[in-house]
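What follows is the content of run_37.tsv, which has TSV, C-alpha atoms and all ligand atoms:
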```
chain	number	residue	atom	x	y	z
X	1	MET	CA	4.80	71.26	51.36
X	2	THR	CA	1.82	73.18	52.72
X	3	SER	CA	2.61	75.38	55.70
X	4	PHE	CA	0.50	75.13	58.84
X	5	GLU	CA	-0.19	77.15	61.98
X	6	ASN	CA	0.42	74.51	64.65
X	7	ILE	CA	2.59	71.86	63.03
X	8	LEU	CA	5.81	71.80	61.04
X	9	VAL	CA	5.97	69.42	58.10
X	10	GLU	CA	9.07	68.57	56.16
X	11	LEU	CA	10.06	65.81	53.74
X	12	LYS	CA	13.57	64.69	54.74
X	13	ASP	CA	14.90	62.14	52.27
X	14	ASP	CA	12.04	59.64	52.14
X	15	THR	CA	10.53	60.45	55.55
X	16	LEU	CA	7.67	62.84	56.22
X	17	CYS	CA	8.60	64.58	59.49
X	18	ILE	CA	5.65	66.09	61.35
X	19	THR	CA	6.38	68.19	64.44
X	20	ILE	CA	3.56	69.44	66.63
X	21	ASN	CA	4.62	72.99	67.30
X	22	ARG	CA	2.86	74.59	70.27
X	23	PRO	CA	5.72	74.36	72.79
X	24	LYS	CA	4.30	77.06	75.10
X	25	GLN	CA	1.21	74.88	75.60
X	26	LEU	CA	3.37	71.72	75.75
X	27	ASN	CA	2.03	70.89	72.27
X	28	ALA	CA	-1.52	70.41	73.58
X	29	LEU	CA	-3.87	69.32	70.81
X	30	ASN	CA	-6.54	71.83	69.93
X	31	LYS	CA	-9.11	71.28	67.19
X	32	ASN	CA	-7.07	73.07	64.57
X	33	THR	CA	-3.91	71.11	65.34
X	34	ILE	CA	-5.79	67.85	64.91
X	35	SER	CA	-7.21	69.01	61.57
X	36	GLU	CA	-3.73	70.00	60.44
X	37	LEU	CA	-2.40	66.58	61.44
X	38	GLY	CA	-5.10	65.08	59.22
X	39	GLN	CA	-4.00	67.17	56.25
X	40	ALA	CA	-0.34	66.33	56.85
X	41	ILE	CA	-0.79	62.57	57.14
X	42	GLN	CA	-2.99	62.54	54.03
X	43	GLU	CA	0.14	63.45	52.06
X	44	ALA	CA	1.75	60.14	53.10
X	45	TYR	CA	-1.13	58.24	51.49
X	46	THR	CA	-0.70	59.90	48.10
X	47	ASN	CA	2.95	60.92	47.72
X	48	PRO	CA	5.08	58.01	46.43
X	49	GLN	CA	8.28	59.76	47.58
X	50	ILE	CA	7.21	59.25	51.19
X	51	LYS	CA	8.23	55.91	52.65
X	52	ALA	CA	7.73	56.59	56.36
X	53	VAL	CA	6.32	59.14	58.77
X	54	LEU	CA	8.07	60.50	61.87
X	55	LEU	CA	5.83	62.30	64.36
X	56	THR	CA	7.24	64.31	67.27
X	57	GLY	CA	6.70	67.37	69.47
X	58	SER	CA	8.51	70.67	69.49
X	59	GLY	CA	10.76	71.63	72.42
X	60	GLU	CA	12.41	69.46	75.03
X	61	LYS	CA	9.57	69.02	77.48
X	62	ALA	CA	6.66	67.40	75.72
X	63	PHE	CA	5.58	65.20	72.87
X	64	VAL	CA	1.96	66.26	73.56
X	65	ALA	CA	0.56	67.07	77.04
X	66	GLY	CA	-2.95	66.06	76.01
X	67	ALA	CA	-5.93	67.67	74.39
X	68	ASP	CA	-6.12	71.43	74.95
X	69	ILE	CA	-8.00	71.66	78.24
X	70	LYS	CA	-8.65	75.37	77.78
X	71	GLU	CA	-10.50	74.59	74.56
X	72	PHE	CA	-12.52	71.51	75.53
X	73	ALA	CA	-13.46	72.65	79.05
X	74	HIS	CA	-16.58	74.35	77.68
X	75	PHE	CA	-17.80	71.68	75.26
X	76	ASN	CA	-21.15	69.98	75.77
X	77	GLY	CA	-21.95	66.31	75.12
X	78	GLU	CA	-22.90	66.75	71.49
X	79	GLN	CA	-19.77	68.77	70.67
X	80	GLY	CA	-17.72	66.18	72.54
X	81	LYS	CA	-19.07	63.34	70.41
X	82	VAL	CA	-18.62	65.20	67.12
X	83	LEU	CA	-15.05	66.17	67.93
X	84	SER	CA	-14.21	62.78	69.33
X	85	ALA	CA	-15.39	61.14	66.09
X	86	HIS	CA	-13.35	63.70	64.09
X	87	GLY	CA	-10.23	62.93	66.17
X	88	HIS	CA	-10.84	59.19	65.83
X	89	ARG	CA	-10.90	59.52	62.03
X	90	ILE	CA	-7.64	61.44	61.95
X	91	PHE	CA	-5.82	59.26	64.49
X	92	LYS	CA	-6.94	56.24	62.48
X	93	MET	CA	-5.23	57.75	59.44
X	94	PHE	CA	-1.94	57.34	61.35
X	95	GLU	CA	-2.88	53.78	62.24
X	96	ASP	CA	-4.04	52.80	58.73
X	97	CYS	CA	-1.32	54.72	56.92
X	98	PRO	CA	0.24	52.38	54.32
X	99	LYS	CA	3.72	53.71	55.28
X	100	PRO	CA	5.24	53.07	58.75
X	101	THR	CA	4.33	55.77	61.27
X	102	VAL	CA	6.76	56.26	64.16
X	103	ALA	CA	6.02	58.40	67.21
X	104	VAL	CA	9.17	59.97	68.66
X	105	ILE	CA	8.19	60.79	72.24
X	106	ASN	CA	10.45	63.51	73.58
X	107	GLY	CA	8.78	64.23	76.95
X	108	PHE	CA	5.21	64.18	78.25
X	109	ALA	CA	2.77	61.98	76.28
X	110	LEU	CA	-0.44	62.50	78.20
X	111	GLY	CA	-4.09	61.89	77.38
X	112	GLY	CA	-4.67	62.71	73.71
X	113	GLY	CA	-0.88	62.80	73.29
X	114	LEU	CA	-0.47	59.21	74.37
X	115	GLU	CA	-3.50	58.30	72.24
X	116	LEU	CA	-1.87	59.89	69.20
X	117	ALA	CA	1.40	58.05	69.88
X	118	MET	CA	-0.53	54.79	70.27
X	119	ALA	CA	-2.20	55.32	66.89
X	120	CYS	CA	1.26	55.18	65.31
X	121	HIS	CA	2.74	51.80	64.36
X	122	VAL	CA	5.83	52.11	66.54
X	123	ARG	CA	6.90	54.30	69.48
X	124	VAL	CA	10.35	55.34	70.67
X	125	ALA	CA	10.86	57.56	73.69
X	126	SER	CA	13.47	59.62	75.50
X	127	ASP	CA	14.39	58.40	78.98
X	128	ASN	CA	12.75	61.51	80.48
X	129	ALA	CA	9.39	60.81	78.79
X	130	ARG	CA	6.28	60.41	80.96
X	131	PHE	CA	3.04	58.67	80.00
X	132	SER	CA	-0.50	58.74	81.29
X	133	GLN	CA	-4.19	58.73	80.45
X	134	PRO	CA	-5.25	61.28	83.10
X	135	GLU	CA	-8.73	61.90	81.68
X	136	VAL	CA	-10.52	60.49	84.74
X	137	SER	CA	-8.95	63.28	86.81
X	138	LEU	CA	-10.79	65.75	84.57
X	139	GLY	CA	-14.09	63.90	84.68
X	140	VAL	CA	-13.99	62.34	81.20
X	141	THR	CA	-13.03	59.06	79.60
X	142	PRO	CA	-10.29	59.04	76.96
X	143	GLY	CA	-11.82	60.29	73.70
X	144	TYR	CA	-9.26	59.52	71.01
X	145	GLY	CA	-9.03	55.74	71.18
X	146	GLY	CA	-7.18	55.32	74.48
X	147	THR	CA	-9.60	52.80	75.97
X	148	GLN	CA	-9.03	50.54	72.97
X	149	ARG	CA	-5.41	51.01	71.90
X	150	LEU	CA	-3.93	50.89	75.41
X	151	VAL	CA	-5.62	47.51	75.92
X	152	GLN	CA	-4.32	46.32	72.54
X	153	LEU	CA	-0.76	47.35	73.39
X	154	ILE	CA	-0.30	46.40	77.03
X	155	GLY	CA	-3.25	44.10	77.89
X	156	LYS	CA	-6.48	44.64	79.76
X	157	GLY	CA	-5.39	44.44	83.42
X	158	LYS	CA	-2.60	47.00	83.29
X	159	ALA	CA	-4.58	49.18	80.88
X	160	MET	CA	-7.53	49.21	83.29
X	161	GLU	CA	-5.20	50.22	86.11
X	162	LEU	CA	-3.66	53.10	84.16
X	163	LEU	CA	-7.01	54.27	82.75
X	164	MET	CA	-8.76	54.20	86.13
X	165	SER	CA	-5.91	55.72	88.17
X	166	GLY	CA	-4.71	58.31	85.66
X	167	GLU	CA	-1.26	57.51	87.06
X	168	MET	CA	1.82	58.79	85.23
X	169	ILE	CA	4.52	56.25	84.39
X	170	LYS	CA	8.15	56.70	83.44
X	171	ALA	CA	9.87	55.61	80.25
X	172	ASP	CA	11.45	52.48	81.74
X	173	GLU	CA	8.03	51.26	82.90
X	174	ALA	CA	6.52	52.07	79.48
X	175	LEU	CA	9.28	49.98	77.91
X	176	ARG	CA	8.67	47.11	80.31
X	177	LEU	CA	4.95	47.18	79.48
X	178	GLY	CA	5.56	47.22	75.71
X	179	LEU	CA	4.00	50.65	75.38
X	180	VAL	CA	7.18	51.86	73.65
X	181	ASN	CA	9.62	49.85	71.54
X	182	TYR	CA	12.83	51.58	72.66
X	183	VAL	CA	14.06	54.21	75.11
X	184	PHE	CA	17.06	56.42	74.34
X	185	ALA	CA	18.89	59.34	75.90
X	186	PRO	CA	17.25	62.60	74.76
X	187	ALA	CA	20.31	63.59	72.72
X	188	ASP	CA	20.20	60.29	70.79
X	189	LEU	CA	16.44	60.00	70.34
X	190	LEU	CA	16.01	61.51	66.90
X	191	ASN	CA	19.01	59.77	65.35
X	192	GLU	CA	18.03	56.42	66.79
X	193	ALA	CA	14.46	56.91	65.50
X	194	LYS	CA	15.85	57.62	62.05
X	195	LYS	CA	17.98	54.45	62.21
X	196	LEU	CA	14.87	52.45	63.07
X	197	ILE	CA	12.94	54.07	60.23
X	198	ALA	CA	15.77	53.19	57.84
X	199	LYS	CA	15.22	49.51	58.70
X	200	PHE	CA	11.64	49.88	57.46
X	201	THR	CA	12.22	52.03	54.41
X	202	LYS	CA	14.76	49.65	52.92
X	203	GLN	CA	12.05	46.95	52.76
X	204	SER	CA	9.33	46.45	50.14
X	205	PRO	CA	6.72	49.21	50.41
X	206	VAL	CA	4.11	46.81	49.05
X	207	ALA	CA	4.91	44.19	51.68
X	208	ILE	CA	5.02	46.82	54.41
X	209	ARG	CA	1.60	48.02	53.30
X	210	GLY	CA	0.33	44.45	53.50
X	211	VAL	CA	1.80	43.92	56.96
X	212	ILE	CA	0.15	47.09	58.26
X	213	LYS	CA	-3.24	46.13	56.81
X	214	ALA	CA	-3.11	42.55	58.10
X	215	VAL	CA	-1.98	43.50	61.59
X	216	ASN	CA	-4.64	46.18	61.84
X	217	ASP	CA	-7.34	43.79	60.63
X	218	TYR	CA	-6.66	41.60	63.66
X	219	PHE	CA	-8.29	44.30	65.76
X	220	VAL	CA	-11.31	45.05	63.58
X	221	GLY	CA	-13.56	43.25	66.05
X	222	ASN	CA	-12.88	46.08	68.47
X	223	LEU	CA	-14.72	48.64	66.36
X	224	ASN	CA	-17.73	48.43	68.65
X	225	GLY	CA	-15.45	49.41	71.50
X	226	PHE	CA	-14.49	52.58	69.69
X	227	ASP	CA	-18.16	53.41	69.13
X	228	SER	CA	-18.80	52.87	72.82
X	229	GLU	CA	-15.93	55.17	73.64
X	230	ILE	CA	-17.36	58.00	71.53
X	231	GLU	CA	-20.72	57.56	73.24
X	232	GLU	CA	-19.32	57.40	76.79
X	233	PHE	CA	-16.90	60.22	76.15
X	234	GLY	CA	-19.60	62.55	74.81
X	235	ASN	CA	-21.82	61.80	77.80
X	236	CYS	CA	-19.10	62.98	80.19
X	237	PHE	CA	-19.32	66.52	78.85
X	238	ASP	CA	-22.79	66.89	80.34
X	239	SER	CA	-21.65	65.84	83.81
X	240	GLU	CA	-20.87	67.98	86.84
X	241	ASP	CA	-17.67	65.99	87.31
X	242	PHE	CA	-16.40	67.27	83.98
X	243	THR	CA	-17.11	70.89	84.88
X	244	GLU	CA	-15.41	70.38	88.24
X	245	GLY	CA	-12.38	68.57	86.77
X	246	THR	CA	-11.64	71.12	84.07
X	247	THR	CA	-12.38	74.11	86.33
X	248	ALA	CA	-10.06	72.74	89.00
X	249	PHE	CA	-7.25	72.32	86.45
X	250	LEU	CA	-7.66	75.83	85.09
X	251	LYS	CA	-7.79	77.33	88.62
X	252	ARG	CA	-4.84	75.18	89.65
X	253	ARG	CA	-6.67	73.55	92.57
X	254	LYS	CA	-7.53	69.98	93.49
X	255	ALA	CA	-10.78	68.63	92.01
X	256	ASN	CA	-13.62	67.65	94.32
X	257	PHE	CA	-15.88	65.50	92.15
X	258	PRO	CA	-19.63	65.41	92.92
X	259	GLY	CA	-19.86	62.05	91.16
X	260	LYS	CA	-22.66	62.92	88.76
X	301	LIG	N1	-4.07	71.89	77.69
X	301	LIG	C1	-3.86	73.20	77.70
X	301	LIG	N2	-2.77	73.76	78.21
X	301	LIG	C2	-1.85	72.96	78.74
X	301	LIG	C3	-2.00	71.57	78.77
X	301	LIG	C4	-3.19	71.01	78.21
X	301	LIG	N3	-3.41	69.71	78.14
X	301	LIG	N4	-0.92	71.03	79.39
X	301	LIG	C5	-0.12	72.06	79.70
X	301	LIG	N5	-0.68	73.21	79.31
X	301	LIG	C6	-0.14	74.56	79.46
X	301	LIG	C7	-0.24	75.02	80.91
X	301	LIG	O1	-1.54	75.52	81.17
X	301	LIG	C8	0.84	76.10	80.93
X	301	LIG	O2	0.35	77.24	80.28
X	301	LIG	P1	0.40	78.69	81.02
X	301	LIG	O3	-0.36	78.52	82.27
X	301	LIG	O4	1.88	78.91	81.23
X	301	LIG	O5	-0.23	79.61	80.02
X	301	LIG	C9	1.92	75.53	80.02
X	301	LIG	O6	1.28	74.56	79.19
X	301	LIG	C10	3.04	74.83	80.76
X	301	LIG	O7	2.47	73.89	81.66
X	301	LIG	P2	2.77	73.83	83.23
X	301	LIG	O8	3.13	75.18	83.75
X	301	LIG	O9	1.62	73.13	83.87
X	301	LIG	O10	4.08	72.91	83.21
X	301	LIG	P3	4.57	71.94	84.37
X	301	LIG	O11	5.94	71.52	83.99
X	301	LIG	O12	4.36	72.57	85.71
X	301	LIG	O13	3.61	70.67	84.28
X	301	LIG	C11	2.35	68.97	83.15
X	301	LIG	C12	3.63	69.86	83.15
X	301	LIG	C13	2.32	68.23	81.82
X	301	LIG	C14	2.47	67.94	84.29
X	301	LIG	C15	1.09	69.85	83.38
X	301	LIG	O14	1.14	70.91	82.40
X	301	LIG	C16	-0.19	69.11	83.21
X	301	LIG	O15	-0.63	68.39	84.11
X	301	LIG	N6	-0.84	69.33	82.05
X	301	LIG	C17	-2.16	68.79	81.80
X	301	LIG	C18	-2.08	67.32	81.50
X	301	LIG	C19	-3.44	66.83	81.18
X	301	LIG	O16	-4.28	66.61	82.08
X	301	LIG	N7	-3.74	66.77	79.91
X	301	LIG	C20	-5.06	66.50	79.40
X	301	LIG	C21	-5.30	65.05	79.45
X	301	LIG	S1	-6.97	64.72	79.04
X	301	LIG	C22	-11.66	65.55	73.25
X	301	LIG	C23	-10.97	64.39	72.93
X	301	LIG	C24	-9.97	63.93	73.75
X	301	LIG	C25	-9.66	64.60	74.88
X	301	LIG	C26	-10.37	65.75	75.21
X	301	LIG	C27	-11.35	66.23	74.40
X	301	LIG	N8	-12.71	66.01	72.41
X	301	LIG	C28	-13.04	65.32	71.24
X	301	LIG	C29	-13.45	67.18	72.78
X	301	LIG	C30	-8.54	64.15	75.66
X	301	LIG	C31	-8.32	64.69	76.83
X	301	LIG	C32	-6.97	64.68	77.39
X	301	LIG	O17	-5.96	64.66	76.73
```
For the structure just supplied, provide its representation as structure tokens.
Ligand code: DAK
Amino acid sequence: MTSFENILVELKDDTLCITINRPKQLNALNKNTISELGQAIQEAYTNPQIKAVLLTGSGEKAFVAGADIKEFAHFNGEQGKVLSAHGHRIFKMFEDCPKPTVAVINGFALGGGLELAMACHVRVASDNARFSQPEVSLGVTPGYGGTQRLVQLIGKGKAMELLMSGEMIKADEALRLGLVNYVFAPADLLNEAKKLIAKFTKQSPVAIRGVIKAVNDYFVGNLNGFDSEIEEFGNCFDSEDFTEGTTAFLKRRKANFPGK
């Protein structure tokens, strides 16, 4: 297996285990981490030994606390669009992967972190996990598919509420909404995820591949929505709200948005 700077990748039995490994930054996704995720998931497409993919975060606090705010705070609209499209392509590789992809959410799954988890086929979480799409508090829209996949998973009304409020929800609420499939005690999370994966890997890989393709095709009509998201997201980077939102986070103060 290739070795990476920001992720750990290991083939355990028939499962490709990918661990985002920036615990000091709560596994925040910078550009390089996203590129590495793309290289890692590519292996699942081509290696016949791999029957499933397990994706998790390093440490006990976070799956992924969002995109790396320190990195994207200085992007302009054009950079935002290019990187959003790049992230969309890689997250879609998790969604379109012909082997089951399971997000094991061991703490915060915020912003880009929740979007990455939602791109996986199935999600399991620890009972201390927390979920949100807080982008509006930073003056941007979600940029890695959140406006589309959250609606697909939990329905428009609740998705609108979470996307517009940026509110953080607990694991039991995520379970109730169907955002995650199961919630376990932190100590049991990994083992329970592996048991779930074993239910998939004992089935026909060809049939599984067909199921994934057919289910995903149901949502193809939403592709225009993704294009809109890239457009809207990129536009945010040229706004004063974005500068204010990211500056306020970095200076650890409350944002005061000018609204333009
Ligand atoms: N980015 C960078 N650093 C982060 C981070 C993040 N998203 N989240 C946490 N950290 C860092 C903190 O800055 C801190 O680092 P030091 O200051 O110690 O150097 C360290 O991780 C530990 O965090 P805290 O000290 O804040 O830990 P607490 O337990 O007090 O709080 C928290 C945990 C998760 C509630 C808090 O860290 C937090 O609110 N984090 C930010 C959550 C957030 O707003 N995430 C971003 C969501 S928006 C893009 C595409 C998509 C996106 C952006 C760009 N492009 C294509 C350009 C998506 C955007 C998002 O994800």
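A straight line drawn from atom CA of X:Glu240 to atom N5 of ligand LIG 301 (chain X) is 22.2 Å long.
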Close residues, X:Asn235 itself excluded, 10 Å, all atoms listed in the file, min 4 positions apart in chain, as a ChimeraX atom specification: /X:76-78,80-81,140-141,229-231,239,242
Sorted per-residue table, chain X near ligand LIG 301 (chain X), closest atoms and distance, 8 Å, all atoms listed in the file, as JSON lines:
```
{"residue": "X:Pro23", "atom": "CA", "partner": "X:LIG301", "partner_atom": "O6", "distance": 7.8}
{"residue": "X:Lys24", "atom": "CA", "partner": "X:LIG301", "partner_atom": "O6", "distance": 5.7}
{"residue": "X:Gln25", "atom": "CA", "partner": "X:LIG301", "partner_atom": "O6", "distance": 3.6}
{"residue": "X:Leu26", "atom": "CA", "partner": "X:LIG301", "partner_atom": "O6", "distance": 4.9}
{"residue": "X:Asn27", "atom": "CA", "partner": "X:LIG301", "partner_atom": "C3", "distance": 7.7}
{"residue": "X:Ala28", "atom": "CA", "partner": "X:LIG301", "partner_atom": "C4", "distance": 5.0}
{"residue": "X:Leu29", "atom": "CA", "partner": "X:LIG301", "partner_atom": "N1", "distance": 7.3}
{"residue": "X:Lys61", "atom": "CA", "partner": "X:LIG301", "partner_atom": "O11", "distance": 7.9}
{"residue": "X:Ala62", "atom": "CA", "partner": "X:LIG301", "partner_atom": "C13", "distance": 7.5}
{"residue": "X:Val64", "atom": "CA", "partner": "X:LIG301", "partner_atom": "N3", "distance": 7.9}
{"residue": "X:Ala65", "atom": "CA", "partner": "X:LIG301", "partner_atom": "N4", "distance": 4.8}
{"residue": "X:Gly66", "atom": "CA", "partner": "X:LIG301", "partner_atom": "O17", "distance": 3.4}
{"residue": "X:Ala67", "atom": "CA", "partner": "X:LIG301", "partner_atom": "O17", "distance": 3.8}
{"residue": "X:Asp68", "atom": "CA", "partner": "X:LIG301", "partner_atom": "N1", "distance": 3.5}
{"residue": "X:Ile69", "atom": "CA", "partner": "X:LIG301", "partner_atom": "N1", "distance": 4.0}
{"residue": "X:Lys70", "atom": "CA", "partner": "X:LIG301", "partner_atom": "C1", "distance": 5.3}
{"residue": "X:Glu71", "atom": "CA", "partner": "X:LIG301", "partner_atom": "C1", "distance": 7.5}
{"residue": "X:Phe72", "atom": "CA", "partner": "X:LIG301", "partner_atom": "C29", "distance": 5.2}
{"residue": "X:Phe75", "atom": "CA", "partner": "X:LIG301", "partner_atom": "C29", "distance": 6.7}
{"residue": "X:Gln79", "atom": "CA", "partner": "X:LIG301", "partner_atom": "C29", "distance": 6.9}
{"residue": "X:Gly80", "atom": "CA", "partner": "X:LIG301", "partner_atom": "C29", "distance": 4.4}
{"residue": "X:Lys81", "atom": "CA", "partner": "X:LIG301", "partner_atom": "C28", "distance": 6.4}
{"residue": "X:Val82", "atom": "CA", "partner": "X:LIG301", "partner_atom": "C28", "distance": 6.9}
{"residue": "X:Leu83", "atom": "CA", "partner": "X:LIG301", "partner_atom": "C28", "distance": 4.0}
{"residue": "X:Ser84", "atom": "CA", "partner": "X:LIG301", "partner_atom": "C28", "distance": 3.4}
{"residue": "X:Ala85", "atom": "CA", "partner": "X:LIG301", "partner_atom": "C28", "distance": 7.0}
{"residue": "X:His86", "atom": "CA", "partner": "X:LIG301", "partner_atom": "C28", "distance": 7.3}
{"residue": "X:Gly87", "atom": "CA", "partner": "X:LIG301", "partner_atom": "C28", "distance": 6.3}
{"residue": "X:Phe108", "atom": "CA", "partner": "X:LIG301", "partner_atom": "C13", "distance": 6.1}
{"residue": "X:Leu110", "atom": "CA", "partner": "X:LIG301", "partner_atom": "C21", "distance": 5.6}
{"residue": "X:Gly111", "atom": "CA", "partner": "X:LIG301", "partner_atom": "O17", "distance": 3.4}
{"residue": "X:Gly112", "atom": "CA", "partner": "X:LIG301", "partner_atom": "O17", "distance": 3.8}
{"residue": "X:Gly113", "atom": "CA", "partner": "X:LIG301", "partner_atom": "O17", "distance": 6.4}
{"residue": "X:Gln133", "atom": "CA", "partner": "X:LIG301", "partner_atom": "C21", "distance": 6.5}
{"residue": "X:Pro134", "atom": "CA", "partner": "X:LIG301", "partner_atom": "C21", "distance": 5.2}
{"residue": "X:Glu135", "atom": "CA", "partner": "X:LIG301", "partner_atom": "S1", "distance": 4.2}
{"residue": "X:Val136", "atom": "CA", "partner": "X:LIG301", "partner_atom": "S1", "distance": 7.9}
{"residue": "X:Ser137", "atom": "CA", "partner": "X:LIG301", "partner_atom": "O16", "distance": 7.4}
{"residue": "X:Leu138", "atom": "CA", "partner": "X:LIG301", "partner_atom": "S1", "distance": 6.8}
{"residue": "X:Val140", "atom": "CA", "partner": "X:LIG301", "partner_atom": "C31", "distance": 7.5}
{"residue": "X:Thr141", "atom": "CA", "partner": "X:LIG301", "partner_atom": "C31", "distance": 7.8}
{"residue": "X:Pro142", "atom": "CA", "partner": "X:LIG301", "partner_atom": "C30", "distance": 5.6}
{"residue": "X:Gly143", "atom": "CA", "partner": "X:LIG301", "partner_atom": "C24", "distance": 4.1}
{"residue": "X:Tyr144", "atom": "CA", "partner": "X:LIG301", "partner_atom": "C24", "distance": 5.2}
{"residue": "X:Phe233", "atom": "CA", "partner": "X:LIG301", "partner_atom": "C23", "distance": 7.9}
{"residue": "X:Gly234", "atom": "CA", "partner": "X:LIG301", "partner_atom": "C29", "distance": 8.0}
{"residue": "X:Phe249", "atom": "CA", "partner": "X:LIG301", "partner_atom": "C17", "distance": 7.7}
{"residue": "X:Leu250", "atom": "CA", "partner": "X:LIG301", "partner_atom": "O1", "distance": 7.3}
```
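Compared by their closest atoms to X:Pro98, and using only C-alpha atoms, the residues X:Asn6, X:Asn32, X:Thr147, X:Gln42 rank with X:Gln42 nearest.
The shortest atom-to-atom distance to X:Leu196, with all atoms listed in the file taken into account, belongs to X:Tyr182 out of X:Lys12, X:Tyr182, X:Ala73, X:Phe131.
The smallest atom-to-atom distance between X:Ala44 and any of X:Thr15, X:Asn216, X:Asn106, X:Thr2, using all atoms listed in the file, is found for X:Thr15.
Of the listed residues X:Asn224, X:Gln39, X:Gln152, X:Thr19, the one whose atoms come nearest to X:Val102 is X:Thr19, with distances taken using only C-alpha atoms.
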